[in-house]
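Colleague: Let me begin by handing over the structure; questions about it come next.
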Amino acid sequence: MMQKLVQKLDNAIADGTFIRAVCSGNFDKTVKKSVFTPSKRKNGYVIAEERFMPDGKALHSFCDPDKFAVYLSEISAGYKQTDVFCQDFTATVLRSKKGALHISFGQGKQMPETEKQEKNYILDPHKKYDFLVMLGVQDKNGRVYDKKQSKFRQINRFLEIVSDTVSSLPDNGMTVWDLCCGKSYLSFAVYYYFRRVLNKDITIYCVDRKEDVIKECAEYARQLGFDGMRFICGDIFKCLPDKPAELVLSLHACDIATDMVLSEAVKRGAKVILSSPCCQHELASQIKSPELNYILREPVLKQKLSVVITDALRCRLLYACGYKVTTLEFIDPEDTPKNLMIRAEKTYIPLKLRRAALDEYEMICKSLNAAPTMRALLDGFLNERIKGDMI
Ligand SMILES: C[S@@+](CC[C@H](N)C(=O)[O-])C[C@H]1O[C@@H](n2cnc3c(N)ncnc32)[C@H](O)[C@@H]1O
């Protein structure tokens with residue numbers, strides 16, 4: 001059986017369908033677990049090994065892909081369980097302390113977006129970044145802390161989506177907003193990407209109402225020499241500066257704060273909006289519809305439905321305002337269920353289509369007894385632009 005696993009794993013590595021292997025339950029307790037993932041290098045792939053130690057540290061090393069299957073079969077002897085994930089199969093190796101061995105094979109695992117993307121990560125998980133060390137994502141050796149792994153993936157994935165939009169953005173001198181920035185992980189990463197990777201001049205405004213966090217981030221930016229970062233403490237409903245915004249970002253702005261983010265981005269003519277909403281509560285308290293009662297009478301389903309309708313209506317309104325909109329699940333739901341991203345790019349959409357979208361929007365809201373904040377925030381803008389055909 002082990003020979004069969006080695007053979008299948010060899011094939012998976014050769015055709016690029018190996019996703020991950022995890023060894024856990026070390027018999028002599030010298031290692032907590034070992035995780036193996038394929039990692040892109042200039043001259044091909046290696047298998048990166050992360051050995052998580054009982055003292056919280058992690059040791060990094062690399063294996064030759066050609067020798068990895070045999071290597072894994074050997075070191076798995078020291079662990080109770082080894083799980084292998086490939087696109088075409090999965091395998092679980094179970095061992096007892098006395099050496100009894102059981103191997104079972106299962107169906108393949110779809111490579112999650114995050115794994116596919118890992119090969120093209122903008123921030124290399126094996127490289128040290130001063131801003132990530134300062135923000136407490138990496139330790140001083142550049143290892144991403146265990147509890148920050150999903151944050152790291154989230155930022156990296158967000159950065160990749162930003163990188164896909166670069167051609168729609170001005171070449172230099174751009175203004176970016178990160179609204180409800182919290183600890184500003186994303187702002188620092190975006191700033192690093194534009195200034196240090198692309199060598200473009202940007203100013204990024206980071207806004208949040210948490211005073212201590214904003215103060216701390218401003219100090220980090222000063223120490224890092226990230227002089228194009230500006231920090232504003234306040235409520236985004238009250239304190240946004242009168243500045244244009246070519247790129248507006250928001251990661252998990254709570255409830256109607258996302259409506260404020262989207263409507264302000266539209267009003268200020270943002271070319272690209274990337275927003276991952278969360279805590280969509282507003283509609284759940286408004287929605288009434290006899291046709292949907294079979295769903296609405298179940299509180300959990302009502303909440304889920306409200307979330308979907310909230311974001312769908314936001315997309316419709318963005319379209320009515322002249323944005324091409326796509327929604328994507330930008331990270332693995334195992335990292336966080338809040339993984340929806342609304343991506344909107346300003347484009348030419350004929351007035352007739354925008355009006356039709358707005359009519360449809362109004363009709364849906366009426367049928368649901370809903371009055372979303374985003375619509376109210378955009379009222380003046382829509383009246384002027386859609387009636388006057390100025391978009
Ligand atoms: C879930 S956290 C997300 C933080 C950050 N974007 C991230 O993903 O790490 C939401 C943040 O939104 C901020 N926030 C919520 N409503 C706000 C408002 N109306 N004005 C300013 N900040 C707000 C909170 O203070 C909090 O830091």
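Order determines the names: the first chain of the structure tokens is A, the second B, and so forth; residues in each chain are numbered 1 upward, and ligands are numbered 1 upward as they are shown.
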Using DSSP on the backbone coordinates, identify all residues within region 126-204 of chain A classified as alpha helix (DSSP H); present the result as a ChimeraX atom specification.
Modeller: /A:130-134,149-164,185-191
Colleague: Report as an NGL selection string which protein, DNA and RNA residues come within 9 Å of ligand 1, using only C-alpha atoms and all ligand atoms.
Modeller: :A and (151 or 154-155 or 178-187 or 207-211 or 213 or 233-239 or 249-258 or 260 or 276 or 278-279)
Colleague: Return the single residue from A:Thr82, A:Ser39, A:Ser73, A:Ser167 that is closest to Asn26 (chain A), with distances computed using only C-alpha atoms.
Modeller: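 Of the candidates, the smallest distance to Asn26 (chain A) is held by A:Thr82.
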Colleague: Using only C-alpha atoms, what table do you get, as JSON lines, when you list each residue of region 173-280 of chain A with an atom no more than 10 Å from region 377-387 of chain A, its nearest pair of atoms, and their distance in Å rounded to one decimal, rows by chain then rising number?
Modeller:
{"residue": "A:Asp259", "atom": "CA", "partner": "A:Leu377", "partner_atom": "CA", "distance": 7.8}
{"residue": "A:Met260", "atom": "CA", "partner": "A:Leu377", "partner_atom": "CA", "distance": 7.2}
{"residue": "A:Leu262", "atom": "CA", "partner": "A:Leu378", "partner_atom": "CA", "distance": 9.4}
{"residue": "A:Ser263", "atom": "CA", "partner": "A:Leu378", "partner_atom": "CA", "distance": 6.0}
{"residue": "A:Glu264", "atom": "CA", "partner": "A:Leu377", "partner_atom": "CA", "distance": 8.3}
{"residue": "A:Val266", "atom": "CA", "partner": "A:Leu378", "partner_atom": "CA", "distance": 8.5}
{"residue": "A:Lys267", "atom": "CA", "partner": "A:Phe381", "partner_atom": "CA", "distance": 6.9}
Colleague: Can you write out the residues you just picked, keeping C-alpha atoms, as a short mmCIF file (atom, residue, chain, number, x, y, z; two decimals), in the first residue's frame?
Modeller:
data_model
loop_
_atom_site.label_atom_id
_atom_site.label_comp_id
_atom_site.auth_asym_id
_atom_site.auth_seq_id
_atom_site.Cartn_x
_atom_site.Cartn_y
_atom_site.Cartn_z
CA ASP A 259 -22.62 50.78 2.06
CA MET A 260 -20.77 53.93 3.01
CA LEU A 262 -19.23 51.72 -1.80
CA SER A 263 -21.30 54.89 -2.11
CA GLU A 264 -18.38 57.18 -1.28
CA VAL A 266 -18.81 55.84 -6.45
CA LYS A 267 -19.35 59.51 -5.64
#
Colleague: Which is closer to Lys8 (chain A) than all the others in A:Ala91, A:Cys63, A:Ala371, A:Leu353, using only C-alpha atoms?
Modeller: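 Under the stated criterion, the closest residue is A:Ala91.
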Colleague: Go through A:Tyr192, A:Tyr220, A:Trp177, A:Tyr294 and flag the residue nearest Pro244 (chain A), using only C-alpha atoms for the distances.
Modeller: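 Of A:Tyr192, A:Tyr220, A:Trp177, A:Tyr294, the one nearest Pro244 (chain A), counting only C-alpha atoms, is A:Trp177.
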Colleague: Quick one: pull the distance between CA of Leu305 (chain A) and CA of Thr373 (chain A), Å, one decimal.
Modeller: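 These two atoms are separated by 17.5 Å.
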Colleague: Pick out the residues sitting within 12 Å of Leu101 (chain A), and hand them over as a list of chain:residue names; count only C-alpha atoms, and ignore anything fewer than 4 positions along from it in its own chain.
Modeller: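 Answer for this query is A:Met1, A:Met2, A:Ser73, A:Ser76, A:Ala77, A:Gly78, A:Tyr79, A:Lys80, A:Gln81, A:Thr82, A:Thr92, A:Val93, A:Leu94, A:Arg95, A:Ser96, A:Lys97.
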Colleague: If you count only C-alpha atoms, which residues fall within 12 Å of Lys304 (chain A), apart from same-chain ones fewer than 2 positions away, as a PyMOL selection string?
Modeller: chain A and resi 278-281+283-284+295-296+298-302+306-311+337
Colleague: Any chance you can output those residues with C-alpha atoms as a compact mmCIF listing (two decimals), in the first residue's frame?
Modeller:
# COMPACT_ATOMS: atom_id res chain seq x y z
CA CYS A 278 -19.28 41.48 6.52
CA CYS A 279 -22.02 41.39 9.17
CA GLN A 280 -24.80 42.24 6.71
CA HIS A 281 -27.54 42.75 9.34
CA LEU A 283 -31.78 43.81 5.57
CA ALA A 284 -32.61 41.01 8.00
CA ILE A 295 -37.38 30.88 4.07
CA LEU A 296 -37.89 33.88 6.35
CA GLU A 298 -36.30 30.10 9.75
CA PRO A 299 -34.00 32.65 11.47
CA VAL A 300 -30.77 31.09 10.25
CA LEU A 301 -31.99 30.88 6.68
CA LYS A 302 -33.40 34.40 6.91
CA SER A 306 -30.46 38.60 3.75
CA VAL A 307 -26.70 38.45 3.35
CA VAL A 308 -26.97 37.26 -0.24
CA ILE A 309 -29.69 39.77 -1.15
CA THR A 310 -27.76 42.63 0.50
CA ASP A 311 -24.68 41.97 -1.57
CA PRO A 337 -16.67 32.45 6.00
Colleague: Please return as JSON, numbers by chain: the residues of region 7-119 of chain A that backbone DSSP assigns to strand (DSSP E or B).
Modeller: {"A": [18, 19, 20, 21, 22, 23, 24, 25, 26, 33, 34, 35, 36, 37, 38, 39, 40, 41, 44, 45, 46, 47, 48, 49, 50, 51, 52, 58, 59, 60, 61, 62, 63, 79, 80, 81, 82, 83, 84, 85, 86, 89, 90, 91, 92, 93, 94, 95, 101, 102, 103, 104, 105, 106, 107]}
Colleague: So how many Å separate CA of Arg20 (chain A) and CA of Glu50 (chain A), to one decimal?
Modeller: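 Computing the Euclidean distance for CA of Arg20 (chain A) and CA of Glu50 (chain A) yields 11.4 Å.
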Colleague: Ranking A:Ile161, A:Met53, A:Leu72, A:Leu132 by minimum distance to Thr30 (chain A) and counting only C-alpha atoms, which one comes first?
Modeller: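 The answer is A:Met53, which sits nearest to Thr30 (chain A).
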Colleague: Region 363-370 of chain A: which residues within 10 Å, counting only C-alpha atoms, same-chain residues fewer than 6 positions away excluded, as a list in words?
Modeller: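 Here the qualifying residues turn out to be Glu282, Leu283, Ala284, Ser285, Gln286, Ile287, Lys288, Ser289, Pro290, Glu291, Leu292, Ile309, Thr310, Leu313 and Ala357 of chain A.
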Colleague: Once you have the residues from the selection above, write them out as a PDB file, in the first residue's frame, restricted to C-alpha atoms.
Modeller:
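Contents of the output file again_31.pdb:
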ATOM      1  CA  GLU A 282     -29.546  45.649   7.988  1.00  0.00           C
ATOM      2  CA  LEU A 283     -31.777  43.806   5.572  1.00  0.00           C
ATOM      3  CA  ALA A 284     -32.614  41.014   8.004  1.00  0.00           C
ATOM      4  CA  SER A 285     -34.415  43.562  10.167  1.00  0.00           C
ATOM      5  CA  GLN A 286     -36.391  44.973   7.227  1.00  0.00           C
ATOM      6  CA  ILE A 287     -37.184  42.180   4.873  1.00  0.00           C
ATOM      7  CA  LYS A 288     -40.835  41.128   4.561  1.00  0.00           C
ATOM      8  CA  SER A 289     -42.128  39.132   1.665  1.00  0.00           C
ATOM      9  CA  PRO A 290     -45.051  36.672   1.663  1.00  0.00           C
ATOM     10  CA  GLU A 291     -43.422  34.821  -1.267  1.00  0.00           C
ATOM     11  CA  LEU A 292     -40.301  34.223   0.795  1.00  0.00           C
ATOM     12  CA  ILE A 309     -29.690  39.775  -1.152  1.00  0.00           C
ATOM     13  CA  THR A 310     -27.763  42.630   0.503  1.00  0.00           C
ATOM     14  CA  LEU A 313     -28.442  44.587  -4.395  1.00  0.00           C
ATOM     15  CA  ALA A 357     -30.680  48.125 -13.478  1.00  0.00           C
TER      16      ALA A 357
END
Colleague: Using only C-alpha atoms, which of A:Ala14, A:Ala320, A:Ser61, A:Lys200 sits nearest Phe36 (chain A)?
Modeller: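 Closest to Phe36 (chain A), using only C-alpha atoms: A:Ser61.
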Colleague: Measuring between only C-alpha atoms, which one of A:Lys67, A:Lys33, A:Arg314, A:Arg196 shows the shortest distance to Ala21 (chain A)?
Modeller: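 Among A:Lys67, A:Lys33, A:Arg314, A:Arg196, it is A:Lys33 that comes nearest to Ala21 (chain A).
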Colleague: Please identify all polymer residues within 6 Å of Lys324 (chain A), counting only C-alpha atoms, omitting same-chain residues fewer than 2 positions from it, and present them as a VMD selection string.
Modeller: chain A and resid 319 344 to 345
